[in-house]
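This is structure-v2.txt. It holds compact mmCIF, C-alpha atoms.
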# COMPACT_ATOMS: atom_id res chain seq x y z
CA MET A 650 -2.78 -3.46 -12.19
CA ASP A 651 -4.29 -4.59 -15.42
CA LYS A 652 -2.79 -7.04 -17.88
CA ILE A 653 -1.28 -9.03 -15.09
CA THR A 654 -0.01 -12.07 -16.90
CA ARG A 655 1.50 -10.02 -19.70
CA HIS A 656 3.89 -8.13 -17.45
CA PRO A 657 5.55 -10.75 -15.28
CA GLU A 658 8.41 -8.32 -14.60
CA ARG A 659 6.03 -6.30 -12.47
CA SER A 660 5.72 -9.20 -10.04
CA MET A 661 8.58 -9.33 -7.60
CA LEU A 662 9.67 -11.93 -5.17
CA ASP A 663 11.40 -9.45 -2.91
CA ARG A 664 10.11 -9.37 0.63
CA THR A 665 11.73 -5.96 1.18
CA LYS A 666 9.60 -4.56 -1.61
CA LEU A 667 6.47 -6.16 -0.15
CA ASP A 668 7.16 -4.56 3.22
CA ALA A 669 7.79 -1.17 1.61
CA VAL A 670 4.46 -1.28 -0.21
CA LEU A 671 2.55 -2.50 2.84
CA ASP A 672 4.17 0.14 5.05
CA ALA A 673 3.39 2.94 2.60
CA ALA A 674 -0.38 2.46 2.80
CA ALA A 675 -2.83 2.43 5.71
CA VAL A 676 -6.01 1.12 4.12
CA GLY A 677 -6.47 -2.16 2.33
CA THR A 678 -9.33 -4.35 1.21
CA LEU A 679 -9.87 -7.52 3.19
CA ALA A 680 -11.46 -10.14 0.95
CA THR A 681 -12.75 -13.49 2.03
CA VAL A 682 -15.53 -15.95 1.25
CA VAL A 683 -18.75 -15.99 3.27
CA ASP A 684 -21.32 -18.66 2.36
CA GLY A 685 -19.57 -19.20 -0.95
CA MET A 686 -19.82 -15.54 -1.93
CA PRO A 687 -17.06 -12.92 -2.12
CA TRP A 688 -16.96 -10.61 0.89
CA ALA A 689 -14.81 -7.49 0.75
CA VAL A 690 -14.43 -4.60 3.15
CA PRO A 691 -11.95 -1.73 3.38
CA MET A 692 -9.93 -1.74 6.60
CA LEU A 693 -7.17 0.14 8.29
CA TYR A 694 -4.21 -2.17 8.69
CA ALA A 695 -0.57 -2.22 9.67
CA ARG A 696 2.29 -4.60 9.10
CA ASP A 697 3.81 -5.77 12.37
CA GLY A 698 6.85 -7.85 11.41
CA ASP A 699 5.59 -10.98 9.68
CA ARG A 700 1.91 -10.31 10.17
CA ILE A 701 -0.78 -7.85 9.21
CA ILE A 702 -2.85 -6.42 12.07
CA LEU A 703 -6.50 -5.54 11.47
CA HIS A 704 -9.18 -4.55 13.91
CA GLY A 705 -12.89 -4.08 14.18
CA SER A 706 -15.69 -4.28 16.68
CA THR A 707 -16.57 -7.52 18.44
CA GLY A 708 -20.11 -6.48 17.49
CA ALA A 709 -19.33 -6.80 13.78
CA GLY A 710 -20.90 -10.17 12.99
CA ALA A 711 -19.41 -10.82 9.58
CA LEU A 712 -15.94 -9.86 10.73
CA ARG A 713 -16.20 -12.11 13.78
CA GLN A 714 -17.34 -14.94 11.54
CA VAL A 715 -14.26 -14.70 9.32
CA ALA A 716 -11.76 -13.81 12.07
CA SER A 717 -11.01 -17.36 13.11
CA GLY A 718 -9.32 -19.38 10.44
CA ALA A 719 -11.02 -18.14 7.30
CA PRO A 720 -8.87 -17.96 4.16
CA ALA A 721 -8.48 -14.30 3.29
CA ALA A 722 -6.60 -11.90 1.07
CA LEU A 723 -5.61 -8.35 1.96
CA CYS A 724 -5.18 -6.20 -1.12
CA VAL A 725 -3.35 -2.87 -0.99
CA ALA A 726 -2.88 -0.46 -3.89
CA LEU A 727 -1.28 2.96 -4.19
CA LEU A 728 -1.87 4.91 -7.38
CA ASP A 729 1.34 6.82 -8.10
CA GLY A 730 0.63 8.26 -11.50
CA ILE A 731 -1.45 8.27 -14.64
CA VAL A 732 0.59 7.01 -17.58
CA VAL A 733 -0.42 8.80 -20.77
CA ALA A 734 0.65 7.14 -24.04
CA ASP A 735 -0.08 8.40 -27.54
CA ASN A 736 -2.91 5.85 -27.68
CA LEU A 737 -5.30 4.46 -25.08
CA PHE A 738 -4.07 0.88 -25.35
CA ASN A 739 -0.62 1.77 -24.03
CA SER A 740 -1.92 4.21 -21.45
CA SER A 741 -1.66 2.79 -17.97
CA ALA A 742 -0.99 3.64 -14.35
CA ASN A 743 2.06 3.74 -12.16
CA TYR A 744 1.27 1.98 -8.91
CA ARG A 745 2.47 -0.12 -6.03
CA SER A 746 0.27 -3.00 -4.99
CA ALA A 747 0.40 -6.02 -2.75
CA VAL A 748 -1.83 -8.97 -1.99
CA VAL A 749 -1.23 -11.04 1.15
CA ARG A 750 -3.05 -14.36 1.33
CA GLY A 751 -3.47 -16.51 4.41
CA HIS A 752 -5.74 -17.55 7.21
CA LEU A 753 -7.01 -15.01 9.70
CA THR A 754 -6.49 -15.45 13.41
CA ALA A 755 -8.37 -13.62 16.15
CA LEU A 756 -5.93 -12.44 18.82
CA THR A 757 -6.60 -12.91 22.53
CA ARG A 758 -7.24 -9.81 24.63
CA GLU A 759 -3.75 -10.17 26.08
CA GLU A 760 -2.22 -10.22 22.60
CA SER A 761 -4.45 -7.41 21.38
CA ALA A 762 -3.02 -4.55 23.43
CA ASP A 763 0.44 -4.73 21.83
CA ALA A 764 -1.02 -5.37 18.38
CA LEU A 765 -3.32 -2.35 18.64
CA ASN A 766 -0.38 -0.20 19.75
CA ALA A 767 1.55 -1.40 16.70
CA LEU A 768 -1.44 -0.58 14.48
CA SER A 769 -1.75 2.89 15.95
CA ASP A 770 1.98 3.58 15.74
CA ALA A 771 2.00 2.54 12.10
CA LEU A 772 -0.70 5.14 11.37
CA ILE A 773 0.59 7.80 13.79
CA PRO A 774 4.19 6.97 14.71
CA GLY A 775 4.84 7.40 18.42
CA ARG A 776 1.21 8.00 19.35
CA SER A 777 0.75 4.98 21.63
CA ALA A 778 3.36 6.39 24.06
CA GLU A 779 1.49 9.70 24.33
CA VAL A 780 -1.85 8.33 25.52
CA ARG A 781 -3.16 6.12 28.34
CA CYS A 782 -3.23 2.33 28.03
CA HIS A 783 -6.20 0.44 26.62
CA THR A 784 -8.88 -0.32 29.21
CA LYS A 785 -10.23 -3.84 29.72
CA LYS A 786 -13.58 -2.63 28.44
CA GLU A 787 -12.00 -1.29 25.24
CA LEU A 788 -10.08 -4.51 24.65
CA ALA A 789 -13.29 -6.50 25.21
CA ALA A 790 -15.04 -4.40 22.57
CA THR A 791 -12.26 -4.72 20.01
CA LEU A 792 -11.73 -7.64 17.68
CA THR A 793 -8.05 -7.74 16.76
CA ILE A 794 -7.11 -9.96 13.85
CA ALA A 795 -3.79 -11.09 12.41
CA LEU A 796 -3.04 -12.23 8.88
CA PRO A 797 0.36 -13.94 8.64
CA ILE A 798 2.80 -12.99 5.88
CA SER A 799 4.11 -16.39 4.89
CA ALA A 800 6.32 -17.69 2.10
CA GLY A 801 4.37 -18.07 -1.10
CA GLY A 802 1.42 -16.24 0.39
CA TRP A 803 1.93 -12.85 -1.15
CA THR A 804 2.42 -10.91 -4.36
CA VAL A 805 3.86 -7.45 -4.86
CA LYS A 806 3.66 -5.50 -8.09
CA VAL A 807 5.14 -2.14 -8.95
CA ARG A 808 4.95 -0.10 -12.12
CA ASP A 809 7.13 3.00 -12.09
CA ALA A 810 7.97 3.89 -15.67
CA PRO A 811 7.09 6.09 -18.64
CA PRO A 812 4.59 4.80 -21.22
CA SER A 813 5.81 2.06 -23.51
CA GLU A 814 7.30 3.15 -26.82
CA PRO A 815 5.07 5.18 -29.12
CA ASP A 816 3.39 3.51 -32.05
CA GLY A 817 3.53 6.74 -34.06
CA ASP A 818 6.58 8.82 -34.87
CA GLY A 819 7.03 9.82 -31.24
CA GLY A 820 6.05 13.37 -32.09
CA ALA A 821 2.99 13.37 -29.82
CA TRP A 822 3.31 14.14 -26.14
CA ALA A 823 3.41 11.15 -23.83
CA GLY A 824 4.39 10.89 -20.22
CA VAL A 825 3.21 10.56 -16.65
CA VAL A 826 1.08 12.73 -14.39
CA PRO A 827 2.43 11.84 -10.94
CA LEU A 828 0.06 11.62 -7.97
CA ARG A 829 0.96 11.85 -4.31
CA THR A 830 -0.89 11.97 -1.02
CA VAL A 831 -0.03 14.87 1.24
CA PRO A 832 -1.10 15.69 4.79
CA GLY A 833 -2.70 19.03 5.58
CA GLU A 834 -2.57 21.23 8.65
CA PRO A 835 -4.02 19.43 11.72
CA ILE A 836 -7.62 20.50 12.45
CA PRO A 837 -8.35 20.62 16.20
CA ALA A 838 -11.63 19.14 17.45
CA PRO A 839 -14.29 21.77 18.30
CA TRP A 840 -13.72 21.49 22.07
CA VAL A 841 -9.93 21.86 21.88
CA ASP A 842 -8.57 25.21 23.07
CA GLN A 843 -6.49 26.92 20.40
CA HIS A 844 -3.52 27.19 22.77
CA THR A 845 -3.39 23.43 23.40
CA THR A 846 -0.07 21.97 22.35
CA VAL A 847 -0.29 19.75 19.29
CA PRO A 848 1.28 16.36 20.20
CA ALA A 849 4.69 15.59 18.69
CA SER A 850 3.26 12.55 16.86
CA VAL A 851 0.65 14.71 15.13
CA ARG A 852 3.21 17.37 14.21
CA ARG A 853 5.43 14.69 12.66
CA LEU A 854 2.51 13.20 10.74
CA ALA A 855 1.44 16.57 9.38
CA HIS A 856 4.81 18.14 8.69
CA GLY A 857 7.16 15.23 8.35
CA ALA A 858 9.38 16.83 11.00
CA PRO A 859 11.40 14.51 13.25
CA MET B 288 -13.95 1.41 7.98
CA ASP B 289 -13.77 -0.55 11.17
CA LYS B 290 -16.60 -1.12 13.65
CA ILE B 291 -19.09 -1.33 10.84
CA THR B 292 -22.11 -2.61 12.69
CA ARG B 293 -21.70 -0.10 15.49
CA HIS B 294 -21.96 2.95 13.26
CA PRO B 295 -25.01 2.39 11.05
CA GLU B 296 -25.16 6.14 10.39
CA ARG B 297 -22.03 5.75 8.28
CA SER B 298 -23.92 3.52 5.85
CA MET B 299 -25.98 5.50 3.41
CA LEU B 300 -28.62 4.49 0.96
CA ASP B 301 -28.02 7.45 -1.28
CA ARG B 302 -27.06 6.55 -4.82
CA THR B 303 -25.71 10.06 -5.41
CA LYS B 304 -23.23 9.50 -2.61
CA LEU B 305 -22.25 6.13 -4.06
CA ASP B 306 -21.55 7.72 -7.43
CA ALA B 307 -19.54 10.53 -5.83
CA VAL B 308 -17.30 8.03 -4.02
CA LEU B 309 -16.88 5.79 -7.06
CA ASP B 310 -16.09 8.78 -9.27
CA ALA B 311 -13.51 10.17 -6.82
CA ALA B 312 -11.27 7.11 -7.02
CA ALA B 313 -9.61 5.29 -9.91
CA VAL B 314 -8.36 2.09 -8.32
CA GLY B 315 -10.42 -0.51 -6.52
CA THR B 316 -10.02 -4.07 -5.40
CA LEU B 317 -11.94 -6.67 -7.36
CA ALA B 318 -12.74 -9.61 -5.10
CA THR B 319 -14.25 -12.88 -6.18
CA VAL B 320 -14.12 -16.56 -5.39
CA VAL B 321 -11.93 -18.93 -7.40
CA ASP B 322 -12.07 -22.62 -6.50
CA GLY B 323 -13.67 -21.73 -3.19
CA MET B 324 -10.85 -19.38 -2.22
CA PRO B 325 -10.88 -15.56 -2.03
CA TRP B 326 -9.27 -13.92 -5.05
CA ALA B 327 -8.50 -10.21 -4.91
CA VAL B 328 -6.69 -7.95 -7.32
CA PRO B 329 -6.31 -4.17 -7.57
CA MET B 330 -7.72 -2.74 -10.80
CA LEU B 331 -8.27 0.56 -12.50
CA TYR B 332 -12.00 1.11 -12.88
CA ALA B 333 -14.53 3.72 -13.86
CA ARG B 334 -18.23 4.13 -13.28
CA ASP B 335 -20.13 4.41 -16.57
CA GLY B 336 -23.72 5.17 -15.59
CA ASP B 337 -25.12 2.11 -13.84
CA ARG B 338 -22.11 -0.08 -14.33
CA ILE B 339 -18.46 -0.33 -13.38
CA ILE B 340 -16.00 -0.85 -16.24
CA LEU B 341 -12.85 -2.89 -15.64
CA HIS B 342 -10.28 -4.16 -18.08
CA GLY B 343 -7.39 -6.50 -18.34
CA SER B 344 -5.61 -8.68 -20.84
CA THR B 345 -7.34 -11.55 -22.57
CA GLY B 346 -4.17 -13.42 -21.63
CA ALA B 347 -4.93 -13.05 -17.91
CA GLY B 348 -6.25 -16.52 -17.11
CA ALA B 349 -7.76 -15.85 -13.70
CA LEU B 350 -9.46 -12.69 -14.87
CA ARG B 351 -10.91 -14.44 -17.90
CA GLN B 352 -12.16 -17.21 -15.64
CA VAL B 353 -14.12 -14.81 -13.46
CA ALA B 354 -15.20 -12.40 -16.20
CA SER B 355 -18.27 -14.30 -17.22
CA GLY B 356 -20.91 -14.47 -14.56
CA ALA B 357 -18.84 -14.84 -11.42
CA PRO B 358 -20.20 -13.14 -8.30
CA ALA B 359 -17.81 -10.33 -7.43
CA ALA B 360 -17.36 -7.31 -5.22
CA LEU B 361 -15.48 -4.15 -6.12
CA CYS B 362 -14.23 -2.34 -3.06
CA VAL B 363 -13.07 1.28 -3.21
CA ALA B 364 -11.64 3.30 -0.32
CA LEU B 365 -10.27 6.81 -0.03
CA LEU B 366 -8.45 7.76 3.16
CA ASP B 367 -9.29 11.40 3.87
CA GLY B 368 -7.76 11.90 7.27
CA ILE B 369 -6.30 10.40 10.41
CA VAL B 370 -8.61 11.03 13.35
CA VAL B 371 -6.60 11.54 16.54
CA ALA B 372 -8.53 11.19 19.79
CA ASP B 373 -7.10 11.53 23.31
CA ASN B 374 -7.01 7.74 23.47
CA LEU B 375 -6.37 5.03 20.89
CA PHE B 376 -9.82 3.46 21.14
CA ASN B 377 -11.56 6.55 19.81
CA SER B 378 -8.88 7.29 17.22
CA SER B 379 -10.12 6.48 13.75
CA ALA B 380 -9.96 7.54 10.14
CA ASN B 381 -12.02 9.81 7.94
CA TYR B 382 -12.75 8.01 4.69
CA ARG B 383 -15.08 7.40 1.82
CA SER B 384 -15.67 3.83 0.79
CA ALA B 385 -17.95 1.83 -1.44
CA VAL B 386 -18.54 -1.82 -2.18
CA VAL B 387 -20.44 -2.82 -5.32
CA ARG B 388 -21.59 -6.44 -5.48
CA GLY B 389 -22.87 -8.24 -8.54
CA HIS B 390 -22.06 -10.62 -11.33
CA LEU B 391 -19.33 -9.79 -13.84
CA THR B 392 -20.03 -9.73 -17.55
CA ALA B 393 -17.40 -9.84 -20.30
CA LEU B 394 -18.23 -7.28 -22.98
CA THR B 395 -18.11 -8.09 -26.67
CA ARG B 396 -15.45 -6.42 -28.82
CA GLU B 397 -18.12 -4.16 -30.24
CA GLU B 398 -19.19 -3.07 -26.76
CA SER B 399 -15.62 -2.74 -25.56
CA ALA B 400 -14.55 0.27 -27.60
CA ASP B 401 -17.06 2.64 -26.01
CA ALA B 402 -16.51 1.17 -22.56
CA LEU B 403 -12.74 1.58 -22.85
CA ASN B 404 -13.22 5.18 -23.95
CA ALA B 405 -15.40 5.76 -20.90
CA LEU B 406 -12.76 4.18 -18.68
CA SER B 407 -10.03 6.34 -20.18
CA ASP B 408 -12.11 9.52 -19.96
CA ALA B 409 -12.85 8.84 -16.31
CA LEU B 410 -9.13 8.69 -15.59
CA ILE B 411 -8.08 11.43 -18.03
CA PRO B 412 -11.16 13.46 -18.94
CA GLY B 413 -11.32 14.21 -22.66
CA ARG B 414 -8.38 12.00 -23.58
CA SER B 415 -10.25 9.58 -25.86
CA ALA B 416 -11.04 12.43 -28.29
CA GLU B 417 -7.35 13.36 -28.57
CA VAL B 418 -6.04 9.99 -29.77
CA ARG B 419 -6.72 7.52 -32.55
CA CYS B 420 -9.42 4.84 -32.23
CA HIS B 421 -8.74 1.40 -30.83
CA THR B 422 -7.46 -1.08 -33.39
CA LYS B 423 -9.07 -4.49 -33.88
CA LYS B 424 -5.88 -6.06 -32.60
CA GLU B 425 -5.99 -3.98 -29.43
CA LEU B 426 -9.64 -4.82 -28.82
CA ALA B 427 -8.88 -8.50 -29.35
CA ALA B 428 -6.14 -8.33 -26.74
CA THR B 429 -8.28 -6.52 -24.18
CA LEU B 430 -10.76 -8.14 -21.84
CA THR B 431 -13.37 -5.55 -20.92
CA ILE B 432 -15.62 -6.39 -18.01
CA ALA B 433 -18.72 -4.76 -16.58
CA LEU B 434 -20.08 -4.99 -13.05
CA PRO B 435 -23.66 -3.71 -12.80
CA ILE B 436 -24.65 -1.27 -10.05
CA SER B 437 -28.01 -2.68 -9.05
CA ALA B 438 -30.47 -1.95 -6.25
CA GLY B 439 -29.41 -3.63 -3.04
CA GLY B 440 -26.05 -4.49 -4.55
CA TRP B 441 -23.94 -1.78 -3.01
CA THR B 442 -22.86 -0.07 0.18
CA VAL B 443 -21.35 3.37 0.66
CA LYS B 444 -19.82 4.59 3.89
CA VAL B 445 -18.39 7.98 4.74
CA ARG B 446 -16.79 9.25 7.90
CA ASP B 447 -16.04 12.97 7.87
CA ALA B 448 -15.98 14.19 11.44
CA PRO B 449 -13.76 15.08 14.39
CA PRO B 450 -12.96 12.40 16.97
CA SER B 451 -15.78 11.40 19.29
CA GLU B 452 -15.99 13.27 22.58
CA PRO B 453 -12.97 13.06 24.87
CA ASP B 454 -13.03 10.68 27.82
CA GLY B 455 -10.80 13.00 29.83
CA ASP B 456 -11.39 16.66 30.64
CA GLY B 457 -10.99 17.64 26.99
CA GLY B 458 -7.74 19.42 27.84
CA ALA B 459 -5.64 17.19 25.57
CA TRP B 460 -5.29 17.95 21.87
CA ALA B 461 -7.54 15.95 19.58
CA GLY B 462 -8.43 16.47 15.96
CA VAL B 463 -7.85 15.37 12.41
CA VAL B 464 -4.82 15.31 10.14
CA PRO B 465 -6.40 15.66 6.68
CA LEU B 466 -4.94 13.79 3.73
CA ARG B 467 -5.40 14.58 0.07
CA THR B 468 -4.04 13.31 -3.21
CA VAL B 469 -2.54 15.92 -5.49
CA PRO B 470 -1.21 15.70 -9.05
CA GLY B 471 2.31 16.84 -9.83
CA GLU B 472 3.81 18.43 -12.91
CA PRO B 473 3.50 16.13 -15.98
CA ILE B 474 6.75 14.27 -16.71
CA PRO B 475 7.35 13.81 -20.46
CA ALA B 476 8.55 10.42 -21.70
CA PRO B 477 12.27 10.29 -22.56
CA TRP B 478 11.67 10.50 -26.33
CA VAL B 479 9.35 13.51 -26.15
CA ASP B 480 10.82 16.79 -27.36
CA GLN B 481 10.61 19.47 -24.70
CA HIS B 482 8.77 21.80 -27.07
CA THR B 483 5.95 19.31 -27.68
CA THR B 484 2.60 20.72 -26.62
CA VAL B 485 1.16 19.03 -23.57
CA PRO B 486 -2.38 17.82 -24.46
CA ALA B 487 -5.29 19.76 -22.95
CA SER B 488 -6.49 16.63 -21.11
CA VAL B 489 -3.13 16.25 -19.39
CA ARG B 490 -2.97 19.95 -18.48
CA ARG B 491 -6.45 19.70 -16.92
CA LEU B 492 -5.50 16.58 -15.00
CA ALA B 493 -2.32 18.13 -13.64
CA HIS B 494 -3.50 21.65 -12.96
CA GLY B 495 -7.26 21.35 -12.64
CA ALA B 496 -7.57 24.03 -15.32
CA PRO B 497 -10.64 23.93 -17.56
With the file now loaded, output its structure as structure tokens.
Amino acid sequence: MDKITRHPERSMLDRTKLDAVLDAAAVGTLATVVDGMPWAVPMLYARDGDRIILHGSTGAGALRQVASGAPAALCVALLDGIVVADNLFNSSANYRSAVVRGHLTALTREESADALNALSDALIPGRSAEVRCHTKKELAATLTIALPISAGGWTVKVRDAPPSEPDGDGGAWAGVVPLRTVPGEPIPAPWVDQHTTVPASVRRLAHGAP
Amino acid sequence: MDKITRHPERSMLDRTKLDAVLDAAAVGTLATVVDGMPWAVPMLYARDGDRIILHGSTGAGALRQVASGAPAALCVALLDGIVVADNLFNSSANYRSAVVRGHLTALTREESADALNALSDALIPGRSAEVRCHTKKELAATLTIALPISAGGWTVKVRDAPPSEPDGDGGAWAGVVPLRTVPGEPIPAPWVDQHTTVPASVRRLAHGAP
């Protein structure tokens, strides 16, 4: 995360690792340049094969401006642990991160439906098959964007280790406080009857059950 | 997160809310422009009053290049829940996000020590008082950067709500799968004797105990 050039071993050229990091997160930061200035916004995303799918409203001016051809970077980071050394300098974080660089493309309405299903199924596996199809009106209101994952256009970094060696006698405690994200019990919307069956996709998301 | 311009109520002008979001996360994406292209990297950060503290290695060329005066944006996002509507269009996410825009400043070595303590104490409250001071060599190897939080230079957005009203008869399940990040039991480094006392800061971080 920090000290990037000093830890080249944390950079990997393994596409499998990139996909694993991208697939483990659901929110990334889309960064681009607007009028010469940095522009960054958090977005839900999903990997769909060799591309990243993003979406927003066709009413979002800045997003529409960058959607067609702008150079962009999607940055994803998962904080997996706080690494506690016997001094602050060697304290660090365990993390998985990825940056995908490329040019954005706005998808056509015809292309959007499948891409939006893929996005939804990445967030809530199996959900797209449980609900009705997108309407024309919905597709017209949705800006669906793809960022290609191309050779040389990405970086993946992972730190998953104890602190580096102690500078003292090793007698002080050092180690890692692991962090993980866990789902809670699904909370029905106020109008939902308590006897309504919770969809299988939601049960899987909340409980990890197949 | 998405559909930004269509939900102006999610943008807030409340500095207290900005601070709460910034203080709840530890990793953000620093975005800037290098040679006209977007440059984005995940970084540990902490808010220290009216500034964001970041750090890296003085050996990190790109970071050093942007550290002095470059316009930058730090983007922070916490995913709090998956919002499941009875259709995909109204499905969404509950989240807290912030973007702080401004010009980066590299701190002097003298300024760095306090800033690095603040960064460490934001990640592991109370830790800086448990360990030795930074050495001159460590400070020389560390690039400490500040991003000011200035009026008009930030945005905070929060969604914390059930899905929007159903488009059907409301008979289908809809609701939220909450997500939260939890610490696990501290894992001692391989060389640490099992009888070594775990520092108070680490116990608080792992167990939330005072």
*Nearest to Trp822 of chain A by atom-to-atom distance, counting all atoms listed in the file, from A:Ala800, A:Val690, A:Val732, A:Leu671*: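 Of the candidates, the smallest distance to Trp822 of chain A is held by A:Val732.
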*Which residues come within 10 Å of Gly751 of chain A, counting all atoms listed in the file, excluding same-chain residues fewer than 6 positions away, as a list in words?*
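The residues that qualify are Gly718, Ala719, Pro720, Ala721, Ala722, Leu723, Ala795, Leu796, Pro797, Ile798, Ser799, Gly801, Gly802 and Trp803 of chain A; Pro325 of chain B.
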*Could you check which of A:Ala855, A:Pro827, A:Ile836, A:Thr784 is closest to Gly730 of chain A, using all atoms listed in the file?*
A:Pro827
_Residue among B:Thr442, B:Gly458, B:Ile432, B:Pro450 lying closest to Ser355 of chain B, counting all atoms listed in the file_ = B:Ile432
Within 9 Å of (-15.0, -8.6, 13.8) (file coordinates; all atoms listed in the file), which protein or nucleic acid residues are there? I'd like them as a PDB file with C-alpha atoms, in the coordinates of the input.
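What landed in selection_28.pdb:
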ATOM      1  CA  HIS A 704      -9.180  -4.550  13.910  1.00  0.00           C
ATOM      2  CA  GLY A 705     -12.890  -4.080  14.180  1.00  0.00           C
ATOM      3  CA  SER A 706     -15.690  -4.280  16.680  1.00  0.00           C
ATOM      4  CA  THR A 707     -16.570  -7.520  18.440  1.00  0.00           C
ATOM      5  CA  GLY A 708     -20.110  -6.480  17.490  1.00  0.00           C
ATOM      6  CA  ALA A 709     -19.330  -6.800  13.780  1.00  0.00           C
ATOM      7  CA  GLY A 710     -20.900 -10.170  12.990  1.00  0.00           C
ATOM      8  CA  ALA A 711     -19.410 -10.820   9.580  1.00  0.00           C
ATOM      9  CA  LEU A 712     -15.940  -9.860  10.730  1.00  0.00           C
ATOM     10  CA  ARG A 713     -16.200 -12.110  13.780  1.00  0.00           C
ATOM     11  CA  GLN A 714     -17.340 -14.940  11.540  1.00  0.00           C
ATOM     12  CA  VAL A 715     -14.260 -14.700   9.320  1.00  0.00           C
ATOM     13  CA  ALA A 716     -11.760 -13.810  12.070  1.00  0.00           C
ATOM     14  CA  ALA A 755      -8.370 -13.620  16.150  1.00  0.00           C
ATOM     15  CA  THR A 791     -12.260  -4.720  20.010  1.00  0.00           C
ATOM     16  CA  LEU A 792     -11.730  -7.640  17.680  1.00  0.00           C
ATOM     17  CA  THR A 793      -8.050  -7.740  16.760  1.00  0.00           C
ATOM     18  CA  ILE A 794      -7.110  -9.960  13.850  1.00  0.00           C
TER      19      ILE A 794
ATOM     20  CA  ASP B 289     -13.770  -0.550  11.170  1.00  0.00           C
ATOM     21  CA  LYS B 290     -16.600  -1.120  13.650  1.00  0.00           C
ATOM     22  CA  ILE B 291     -19.090  -1.330  10.840  1.00  0.00           C
TER      23      ILE B 291
END
Name all residues at most 10 Å from Leu410 of chain B (count all atoms listed in the file; drop same-chain ones fewer than 6 positions away) and give them as a JSON list (two decimals) with C-alpha atoms, in the frame of the given file.
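See selection23.json below for the written result:
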[["chain", "number", "residue", "atom", "x", "y", "z"],
["A", 731, "ILE", "CA", -1.45, 8.27, -14.64],
["A", 741, "SER", "CA", -1.66, 2.79, -17.97],
["A", 742, "ALA", "CA", -0.99, 3.64, -14.35],
["B", 310, "ASP", "CA", -16.09, 8.78, -9.27],
["B", 311, "ALA", "CA", -13.51, 10.17, -6.82],
["B", 312, "ALA", "CA", -11.27, 7.11, -7.02],
["B", 313, "ALA", "CA", -9.61, 5.29, -9.91],
["B", 314, "VAL", "CA", -8.36, 2.09, -8.32],
["B", 331, "LEU", "CA", -8.27, 0.56, -12.50],
["B", 332, "TYR", "CA", -12.00, 1.11, -12.88],
["B", 333, "ALA", "CA", -14.53, 3.72, -13.86],
["B", 404, "ASN", "CA", -13.22, 5.18, -23.95],
["B", 492, "LEU", "CA", -5.50, 16.58, -15.00]]
*So how far away is atom CA of Pro848 of chain A from atom CA of Ile702 of chain A, in Å?*
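Those two atoms sit 24.5 Å apart.
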Env of Thr846 of chain A: 12 Å cut, atoms = all atoms listed in the file, seq-sep filter 3 positions within chain, self excluded. Answer as a JSON list (two decimals) with C-alpha atoms, in the coordinates of the input.
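For reference, part_0.json as written:
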[["chain", "number", "residue", "atom", "x", "y", "z"],
["A", 835, "PRO", "CA", -4.02, 19.43, 11.72],
["A", 837, "PRO", "CA", -8.35, 20.62, 16.20],
["A", 841, "VAL", "CA", -9.93, 21.86, 21.88],
["A", 842, "ASP", "CA", -8.57, 25.21, 23.07],
["A", 843, "GLN", "CA", -6.49, 26.92, 20.40],
["A", 849, "ALA", "CA", 4.69, 15.59, 18.69],
["A", 850, "SER", "CA", 3.26, 12.55, 16.86],
["A", 851, "VAL", "CA", 0.65, 14.71, 15.13],
["A", 852, "ARG", "CA", 3.21, 17.37, 14.21],
["B", 458, "GLY", "CA", -7.74, 19.42, 27.84],
["B", 459, "ALA", "CA", -5.64, 17.19, 25.57],
["B", 460, "TRP", "CA", -5.29, 17.95, 21.87],
["B", 461, "ALA", "CA", -7.54, 15.95, 19.58],
["B", 462, "GLY", "CA", -8.43, 16.47, 15.96]]
_Counting only C-alpha atoms, I want the residues whose atoms come within 12 Å of (8.2, -8.5, -3.3) in the file frame, returned as a PyMOL selection string._
chain A and resi 658-671+745-749+798+800-807
*asked:* Could you tell me how far atom CA of Ala427 of chain B sits from atom CA of Ala476 of chain B, in Å to one decimal place?
replied: 26.8 Å
*Do you have the atom CA of Asp699 of chain A-atom CA of Ser769 of chain A distance handy?*
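Interatomic distance, atom CA of Asp699 of chain A to atom CA of Ser769 of chain A: 16.9 Å.
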*Hey, which of A:Pro839, A:Pro774, A:Pro832, A:Gly857 ends up closest to chain B? Count all atoms listed in the file.*
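The closest residue to chain B is A:Pro832.
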*Between A:Ile701, A:Leu756, A:Val826, A:Leu679, which has the minimum distance to chain B (counting only C-alpha atoms)?*
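Nearest candidate to chain B out of A:Ile701, A:Leu756, A:Val826, A:Leu679: A:Val826.
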Find the smallest box with edges along x, y and z containing every listed atom of segment 734-749 of chain A, then add 6 Å on each side and report centre and edge lengths in Å to one decimal, as lines of an AutoDock Vina configuration file.
center_x = -1.4
center_y = -1.3
center_z = -13.3
size_x = 19.8
size_y = 31.4
size_z = 40.8
*Looking at B:Ala409, B:Leu403, B:Ala428, B:Leu466, which one is nearest to chain A, with distances taken over only C-alpha atoms?*
B:Leu466
